[in-house]
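*Asks:* Input structure: input26.tsv, which contains TSV, C-alpha atoms and all ligand atoms.
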```tsv
chain	number	residue	atom	x	y	z
A	1	MET	CA	-27.54	-119.08	10.80
A	2	LYS	CA	-28.49	-122.37	12.41
A	3	ILE	CA	-29.28	-121.56	16.05
A	4	VAL	CA	-30.19	-123.84	18.94
A	5	VAL	CA	-32.13	-122.13	21.74
A	6	ILE	CA	-31.96	-124.31	24.84
A	7	GLY	CA	-34.79	-123.35	27.15
A	8	GLY	CA	-36.57	-121.99	24.10
A	9	THR	CA	-40.00	-122.94	25.46
A	10	GLY	CA	-39.63	-120.70	28.53
A	11	THR	CA	-40.50	-117.06	29.15
A	12	ILE	CA	-37.18	-115.62	27.95
A	13	GLY	CA	-36.47	-118.40	25.46
A	14	THR	CA	-39.77	-118.00	23.63
A	15	ALA	CA	-39.15	-114.28	23.15
A	16	VAL	CA	-35.59	-114.91	21.97
A	17	ALA	CA	-36.61	-117.68	19.57
A	18	ASN	CA	-39.39	-115.53	18.10
A	19	LYS	CA	-36.94	-112.66	17.56
A	20	LEU	CA	-34.43	-114.90	15.78
A	21	LYS	CA	-36.90	-116.96	13.72
A	22	GLY	CA	-37.45	-114.42	10.97
A	23	ASP	CA	-33.83	-114.43	9.81
A	24	HIS	CA	-32.47	-117.77	11.01
A	25	GLU	CA	-33.12	-121.48	11.30
A	26	VAL	CA	-34.06	-121.85	14.98
A	27	ILE	CA	-34.14	-125.20	16.79
A	28	ILE	CA	-35.89	-125.06	20.15
A	29	ALA	CA	-34.63	-127.46	22.80
A	30	SER	CA	-35.67	-128.26	26.35
A	31	ARG	CA	-36.18	-131.31	28.56
A	32	SER	CA	-39.81	-131.86	27.61
A	33	ASN	CA	-40.92	-129.77	24.63
A	34	GLY	CA	-39.75	-128.06	21.46
A	35	ASN	CA	-37.92	-129.54	18.46
A	36	TYR	CA	-35.29	-131.41	20.44
A	37	LYS	CA	-35.10	-132.85	23.97
A	38	VAL	CA	-31.95	-132.17	26.00
A	39	ASP	CA	-31.14	-131.99	29.70
A	40	ILE	CA	-28.24	-129.63	30.42
A	41	THR	CA	-27.56	-131.34	33.77
A	42	SER	CA	-26.45	-134.43	31.83
A	43	VAL	CA	-23.12	-134.43	30.00
A	44	ASP	CA	-24.29	-137.39	27.89
A	45	SER	CA	-27.45	-135.55	26.87
A	46	ILE	CA	-25.47	-132.46	25.82
A	47	GLU	CA	-22.97	-134.53	23.85
A	48	GLN	CA	-25.83	-136.36	22.10
A	49	MET	CA	-27.46	-133.03	21.16
A	50	TYR	CA	-24.31	-131.83	19.43
A	51	LYS	CA	-24.03	-135.17	17.59
A	52	ASP	CA	-27.69	-135.09	16.53
A	53	ILE	CA	-27.68	-131.43	15.42
A	54	PRO	CA	-24.64	-130.82	13.22
A	55	ASN	CA	-23.35	-127.48	11.88
A	56	ILE	CA	-24.61	-125.21	14.62
A	57	ASP	CA	-23.67	-121.52	14.25
A	58	ALA	CA	-25.04	-120.24	17.54
A	59	VAL	CA	-25.96	-121.84	20.86
A	60	VAL	CA	-28.28	-119.75	23.00
A	61	SER	CA	-29.01	-120.92	26.53
A	62	THR	CA	-32.03	-119.36	28.20
A	63	THR	CA	-32.25	-121.92	30.94
A	64	GLY	CA	-30.77	-122.97	34.24
A	65	GLU	CA	-32.59	-123.69	37.47
A	66	SER	CA	-31.72	-122.49	40.98
A	67	HIS	CA	-33.19	-123.07	44.42
A	68	PHE	CA	-34.73	-119.96	45.99
A	69	GLY	CA	-34.48	-120.03	49.77
A	70	GLY	CA	-33.06	-118.28	52.82
A	71	LEU	CA	-29.38	-118.80	53.57
A	72	SER	CA	-30.01	-120.50	56.93
A	73	GLU	CA	-32.10	-123.16	55.18
A	74	LEU	CA	-29.84	-123.49	52.16
A	75	THR	CA	-28.25	-126.92	52.45
A	76	PRO	CA	-25.36	-128.12	50.31
A	77	GLU	CA	-27.85	-130.43	48.58
A	78	LEU	CA	-30.30	-127.61	47.71
A	79	ASN	CA	-27.38	-125.49	46.50
A	80	GLU	CA	-26.49	-128.28	44.06
A	81	VAL	CA	-29.58	-127.37	41.98
A	82	ALA	CA	-28.01	-124.10	40.81
A	83	ILE	CA	-24.54	-125.63	40.54
A	84	ASN	CA	-25.71	-128.54	38.39
A	85	SER	CA	-28.21	-126.65	36.25
A	86	LYS	CA	-27.61	-122.91	35.90
A	87	LEU	CA	-23.83	-122.99	36.40
A	88	LYS	CA	-22.40	-126.35	35.36
A	89	GLY	CA	-25.14	-127.09	32.85
A	90	GLN	CA	-24.55	-123.89	30.93
A	91	VAL	CA	-20.76	-124.15	31.23
A	92	ASN	CA	-20.88	-127.72	29.92
A	93	LEU	CA	-22.82	-126.52	26.86
A	94	VAL	CA	-19.67	-124.55	26.05
A	95	LEU	CA	-17.03	-127.06	27.15
A	96	ILE	CA	-18.58	-129.76	24.99
A	97	GLY	CA	-19.96	-127.47	22.30
A	98	GLN	CA	-16.60	-125.86	21.51
A	99	ASN	CA	-15.67	-129.15	19.80
A	100	TYR	CA	-18.76	-129.12	17.58
A	101	ILE	CA	-19.85	-125.53	16.84
A	102	ASN	CA	-18.97	-124.02	13.45
A	103	ASP	CA	-16.00	-121.66	12.93
A	104	GLY	CA	-17.05	-118.13	13.88
A	105	GLY	CA	-19.93	-119.51	15.96
A	106	SER	CA	-21.18	-118.09	19.24
A	107	PHE	CA	-22.39	-119.13	22.67
A	108	THR	CA	-24.81	-116.95	24.65
A	109	LEU	CA	-25.56	-117.92	28.25
A	110	THR	CA	-27.99	-116.50	30.81
A	111	SER	CA	-26.98	-114.92	34.09
A	112	GLY	CA	-29.14	-112.54	36.18
A	113	ILE	CA	-29.37	-109.33	38.20
A	114	MET	CA	-29.14	-111.05	41.58
A	115	MET	CA	-25.34	-111.27	41.27
A	116	ASP	CA	-25.20	-107.43	41.36
A	117	ASP	CA	-28.29	-106.52	43.34
A	118	PRO	CA	-28.89	-109.10	46.08
A	119	ILE	CA	-32.36	-110.15	47.18
A	120	LEU	CA	-33.44	-112.28	50.12
A	121	LYS	CA	-33.45	-116.01	49.26
A	122	GLY	CA	-31.30	-115.39	46.19
A	123	SER	CA	-27.78	-116.40	47.27
A	124	SER	CA	-27.70	-119.73	45.43
A	125	ALA	CA	-28.92	-118.17	42.18
A	126	ALA	CA	-26.51	-115.23	42.66
A	127	MET	CA	-23.62	-117.66	43.01
A	128	ALA	CA	-24.53	-119.33	39.72
A	129	ASN	CA	-25.11	-116.00	37.94
A	130	ALA	CA	-21.70	-114.64	38.94
A	131	GLY	CA	-20.07	-117.94	38.05
A	132	VAL	CA	-21.55	-117.82	34.56
A	133	ALA	CA	-20.44	-114.19	34.06
A	134	GLY	CA	-16.90	-114.95	35.25
A	135	PHE	CA	-16.65	-118.02	33.06
A	136	VAL	CA	-17.82	-116.12	29.99
A	137	LYS	CA	-15.32	-113.28	30.41
A	138	SER	CA	-12.47	-115.73	30.87
A	139	ALA	CA	-13.45	-118.29	28.23
A	140	ALA	CA	-13.71	-115.54	25.63
A	141	ILE	CA	-9.93	-115.04	25.59
A	142	GLU	CA	-9.28	-118.73	24.98
A	143	LEU	CA	-11.94	-119.89	22.55
A	144	THR	CA	-10.42	-120.70	19.17
A	145	ARG	CA	-11.68	-120.56	15.55
A	146	ASN	CA	-13.20	-117.07	16.09
A	147	ILE	CA	-15.85	-118.52	18.35
A	148	ARG	CA	-17.48	-115.85	20.54
A	149	ILE	CA	-19.12	-116.10	23.95
A	150	ASN	CA	-21.33	-113.64	25.86
A	151	THR	CA	-23.95	-113.66	28.57
A	152	VAL	CA	-27.14	-111.72	29.16
A	153	SER	CA	-27.93	-110.74	32.74
A	154	PRO	CA	-31.61	-109.74	32.88
A	155	ASN	CA	-33.49	-107.86	35.56
A	156	VAL	CA	-36.74	-109.54	36.58
A	157	LEU	CA	-39.07	-109.70	33.58
A	158	GLU	CA	-42.43	-107.96	33.41
A	159	GLU	CA	-43.80	-111.28	32.14
A	160	SER	CA	-42.49	-113.11	35.23
A	161	MET	CA	-43.81	-110.73	37.89
A	162	ASP	CA	-46.68	-113.11	38.78
A	163	LYS	CA	-44.08	-115.73	39.66
A	164	TYR	CA	-41.15	-113.69	41.00
A	165	GLY	CA	-42.76	-110.33	41.93
A	166	PRO	CA	-42.73	-110.97	45.71
A	167	PHE	CA	-38.95	-111.56	45.61
A	168	PHE	CA	-38.27	-108.38	43.61
A	169	LYS	CA	-40.20	-105.64	45.43
A	170	GLY	CA	-38.99	-102.23	44.26
A	171	PHE	CA	-37.22	-103.51	41.16
A	172	ASP	CA	-38.14	-102.05	37.76
A	173	PRO	CA	-39.02	-105.07	35.63
A	174	VAL	CA	-37.93	-105.20	32.00
A	175	SER	CA	-39.84	-106.59	29.03
A	176	ALA	CA	-39.04	-109.92	27.41
A	177	ASP	CA	-38.66	-107.98	24.17
A	178	LYS	CA	-35.92	-105.77	25.62
A	179	VAL	CA	-34.11	-108.79	27.07
A	180	SER	CA	-34.34	-110.68	23.79
A	181	ASN	CA	-32.71	-107.73	22.00
A	182	ALA	CA	-29.62	-108.29	24.15
A	183	PHE	CA	-29.59	-111.92	23.01
A	184	LEU	CA	-29.92	-110.73	19.42
A	185	ARG	CA	-26.83	-108.52	19.87
A	186	CYS	CA	-24.90	-111.52	21.20
A	187	VAL	CA	-25.86	-113.70	18.23
A	188	GLU	CA	-25.66	-111.20	15.37
A	189	GLY	CA	-23.09	-108.77	16.80
A	190	ALA	CA	-19.31	-109.07	16.89
A	191	GLN	CA	-18.50	-108.65	20.57
A	192	THR	CA	-17.18	-111.36	22.85
A	193	GLY	CA	-16.62	-111.77	26.58
A	194	GLN	CA	-19.45	-109.34	27.36
A	195	VAL	CA	-22.01	-109.41	30.14
A	196	TYR	CA	-25.04	-107.59	28.71
A	197	LYS	CA	-26.85	-106.21	31.74
A	198	VAL	CA	-30.50	-105.47	31.00
A	199	TYR	CA	-31.34	-103.66	34.22
A	201	LIG	N1	-37.81	-114.66	34.19
A	201	LIG	C1	-37.09	-113.74	34.79
A	201	LIG	O1	-37.61	-112.74	35.33
A	201	LIG	C2	-35.59	-113.89	34.84
A	201	LIG	C3	-34.80	-112.80	35.23
A	201	LIG	C4	-33.42	-112.93	35.27
A	201	LIG	C5	-32.84	-114.14	34.92
A	201	LIG	N2	-33.63	-115.19	34.55
A	201	LIG	C6	-32.98	-116.46	34.19
A	201	LIG	O2	-33.29	-116.76	32.86
A	201	LIG	C7	-33.35	-118.18	32.68
A	201	LIG	C8	-34.70	-118.52	32.05
A	201	LIG	O3	-35.73	-117.99	32.86
A	201	LIG	P1	-37.26	-118.12	32.42
A	201	LIG	O4	-38.04	-117.31	33.40
A	201	LIG	O5	-37.41	-117.89	30.97
A	201	LIG	O6	-37.50	-119.67	32.77
A	201	LIG	P2	-38.76	-120.59	32.41
A	201	LIG	O7	-39.87	-119.81	31.83
A	201	LIG	O8	-39.01	-121.43	33.62
A	201	LIG	O9	-38.17	-121.53	31.24
A	201	LIG	C9	-37.10	-122.39	31.50
A	201	LIG	C10	-36.77	-123.11	30.20
A	201	LIG	O10	-35.64	-123.96	30.41
A	201	LIG	C11	-36.01	-125.34	30.15
A	201	LIG	N3	-35.21	-126.15	31.08
A	201	LIG	C12	-35.25	-126.16	32.45
A	201	LIG	N4	-34.32	-127.01	32.94
A	201	LIG	C13	-33.68	-127.53	31.86
A	201	LIG	C14	-32.62	-128.47	31.72
A	201	LIG	N5	-32.04	-129.06	32.79
A	201	LIG	N6	-32.19	-128.78	30.48
A	201	LIG	C15	-32.76	-128.21	29.39
A	201	LIG	N7	-33.77	-127.31	29.46
A	201	LIG	C16	-34.22	-126.98	30.69
A	201	LIG	C17	-37.51	-125.37	30.35
A	201	LIG	O11	-38.16	-126.41	29.66
A	201	LIG	P3	-38.30	-127.88	30.30
A	201	LIG	O12	-38.89	-127.71	31.67
A	201	LIG	O13	-39.18	-128.61	29.34
A	201	LIG	O14	-36.93	-128.44	30.33
A	201	LIG	C18	-37.88	-124.03	29.72
A	201	LIG	O15	-37.80	-124.12	28.30
A	201	LIG	C19	-33.13	-118.77	34.06
A	201	LIG	O16	-31.76	-119.09	34.22
A	201	LIG	C20	-33.49	-117.64	35.01
A	201	LIG	O17	-32.81	-117.70	36.23
A	201	LIG	C21	-34.97	-115.09	34.50
```
As structure tokens, please, write out the structure in this file.
*Replies:*
Amino acid sequence: MKIVVIGGTGTIGTAVANKLKGDHEVIIASRSNGNYKVDITSVDSIEQMYKDIPNIDAVVSTTGESHFGGLSELTPELNEVAINSKLKGQVNLVLIGQNYINDGGSFTLTSGIMMDDPILKGSSAAMANAGVAGFVKSAAIELTRNIRINTVSPNVLEESMDKYGPFFKGFDPVSADKVSNAFLRCVEGAQTGQVYKVY
């Protein structure tokens, strides 16, 4: 399969790309590194990616930014980060990509545990995570040409504990390898409309 991993230079994306590389042609995309530069907050950039990379079988998104901060300091402007990147950016990969991806292709998006298990300073990210999960379940019943869509909702990663550990006290972190197996199931499996929770 020809697979584009957007966010493929990040912690989760690197693990996913490495898992897929052995059996597939993997194109790594991000804003600044990898094989192709794309910014998911820009509709034009997404459209250009699909024009530049024809015949894609699977789109994997392991990206999407959110602002971490307490609710009383969360302004509408700061909330826009998660809306524009993690939510709208990933949704737009599907809305635009459905016109380009091959028959029988698949989309896999990234959500996250905060939508089910709230943490302090996580409401903006939780909003985006739940939005992605809801979109995936609903879009699955309307996508045509046997195109599938799923999302992976990871717990905090062992590899990210240096960065996110203070936010996730008492959580049981999961390995990037375990999370990337869920992405592998989305790409190589047959299910659609699923939220794979790796908690
Ligand atoms: N790490 C965890 O513990 C964890 C747990 C649950 C959920 N998640 C979610 O999983 C996703 C990935 O997390 P991560 O920890 O792997 O992140 P990360 O290490 O910071 O990597 C993010 C990746 O996305 C790319 N990127 C960022 N903004 C982009 C944009 N607008 N357009 C295109 N590419 C963009 C980055 O490259 P450039 O900067 O070059 O664009 C990089 O490749 C996020 O949505 C995060 O919320 C992470």
*Asks:* How close does each residue of range 36-141 of chain A get to range 147-152 of chain A, giving the shortest atom pair and distance in Å to one decimal for every residue with an atom at most 12 Å away, counting all atoms listed in the file, sorted by chain and residue number, as a Markdown table?
*Replies:*
```
| residue | atom | partner | partner_atom | distance |
| --- | --- | --- | --- | --- |
| A:Ile56 | CA | A:Ile147 | CA | 11.6 |
| A:Asp57 | CA | A:Ile147 | CA | 9.3 |
| A:Ala58 | CA | A:Arg148 | CA | 9.2 |
| A:Val59 | CA | A:Ile149 | CA | 9.4 |
| A:Val60 | CA | A:Thr151 | CA | 9.3 |
| A:Ser61 | CA | A:Thr151 | CA | 9.1 |
| A:Thr62 | CA | A:Val152 | CA | 9.1 |
| A:Thr63 | CA | A:Val152 | CA | 11.5 |
| A:Gln90 | CA | A:Thr151 | CA | 10.5 |
| A:Val91 | CA | A:Ile149 | CA | 11.0 |
| A:Leu93 | CA | A:Ile149 | CA | 11.4 |
| A:Val94 | CA | A:Ile149 | CA | 8.7 |
| A:Leu95 | CA | A:Ile149 | CA | 11.6 |
| A:Gly97 | CA | A:Ile147 | CA | 10.6 |
| A:Gln98 | CA | A:Ile147 | CA | 8.0 |
| A:Asn99 | CA | A:Ile147 | CA | 10.7 |
| A:Tyr100 | CA | A:Ile147 | CA | 11.0 |
| A:Ile101 | CA | A:Ile147 | CA | 8.2 |
| A:Asn102 | CA | A:Ile147 | CA | 8.0 |
| A:Asp103 | CA | A:Ile147 | CA | 6.3 |
| A:Gly104 | CA | A:Ile147 | CA | 4.6 |
| A:Gly105 | CA | A:Ile147 | CA | 4.8 |
| A:Ser106 | CA | A:Arg148 | CA | 4.5 |
| A:Phe107 | CA | A:Ile149 | CA | 4.6 |
| A:Thr108 | CA | A:Asn150 | CA | 5.0 |
| A:Leu109 | CA | A:Thr151 | CA | 4.6 |
| A:Thr110 | CA | A:Val152 | CA | 5.1 |
| A:Ser111 | CA | A:Val152 | CA | 5.9 |
| A:Gly112 | CA | A:Val152 | CA | 7.3 |
| A:Ile113 | CA | A:Val152 | CA | 9.6 |
| A:Asn129 | CA | A:Thr151 | CA | 9.7 |
| A:Ala130 | CA | A:Thr151 | CA | 10.7 |
| A:Gly131 | CA | A:Thr151 | CA | 11.1 |
| A:Val132 | CA | A:Thr151 | CA | 7.7 |
| A:Ala133 | CA | A:Thr151 | CA | 6.5 |
| A:Gly134 | CA | A:Thr151 | CA | 9.8 |
| A:Phe135 | CA | A:Thr151 | CA | 9.6 |
| A:Val136 | CA | A:Asn150 | CA | 6.0 |
| A:Lys137 | CA | A:Asn150 | CA | 7.5 |
| A:Ser138 | CA | A:Ile149 | CA | 9.6 |
| A:Ala139 | CA | A:Ile149 | CA | 7.4 |
| A:Ala140 | CA | A:Ile149 | CA | 5.7 |
| A:Ile141 | CA | A:Arg148 | CA | 9.1 |
```
*Asks:* Residues within 6 Å of ligand LIG 201 (chain A) (all atoms listed in the file), as a ChimeraX atom specification?
*Replies:* /A:6-13,30-33,38-41,62-65,85-86,110-112,154-157,160
*Asks:* May I ask which of the residues A:Leu78, A:Asn92, A:Glu159, A:Phe167 is the closest one to Ile119 in chain A, counting all atoms listed in the file?
*Replies:*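 That would be A:Phe167, the residue with the smallest distance to Ile119 in chain A.
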*Asks:* Considering all atoms listed in the file, state which residue in the set A:Val43, A:Ala125, A:Met1, A:Ala17 is at the smallest distance from Asn55 in chain A.
*Replies:* A:Met1
*Asks:* If you take every atom of range 168-177 of chain A that the file lists and fit an axis-aligned box around them with 3 Å extra on each side, what centre and edge lengths come out in Å to one decimal, as AutoDock Vina command-line options?
*Replies:*
```
--center_x -38.7 --center_y -106.0 --center_z 34.8 --size_x 9.0 --size_y 13.9 --size_z 27.3
```
*Asks:* Show which residues sit within 9 Å of Met49 in chain A, as a list in words. Count all atoms listed in the file, and ignore same-chain residues fewer than 4 positions away.
*Replies:*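 Non-adjacent residues within range: Tyr36, Lys37, Val38, Asp44, Ser45, Ile53 and Pro54 of chain A.
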*Asks:* The selected residues should be written to file as a PDB file, in the coordinates of the input (atoms: C-alpha atoms).
*Replies:*
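After the write, out_15.pdb holds the following:
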```pdb
ATOM      1  CA  TYR A  36     -35.290-131.410  20.440  1.00  0.00           C
ATOM      2  CA  LYS A  37     -35.100-132.850  23.970  1.00  0.00           C
ATOM      3  CA  VAL A  38     -31.950-132.170  26.000  1.00  0.00           C
ATOM      4  CA  ASP A  44     -24.290-137.390  27.890  1.00  0.00           C
ATOM      5  CA  SER A  45     -27.450-135.550  26.870  1.00  0.00           C
ATOM      6  CA  ILE A  53     -27.680-131.430  15.420  1.00  0.00           C
ATOM      7  CA  PRO A  54     -24.640-130.820  13.220  1.00  0.00           C
TER       8      PRO A  54
END
```
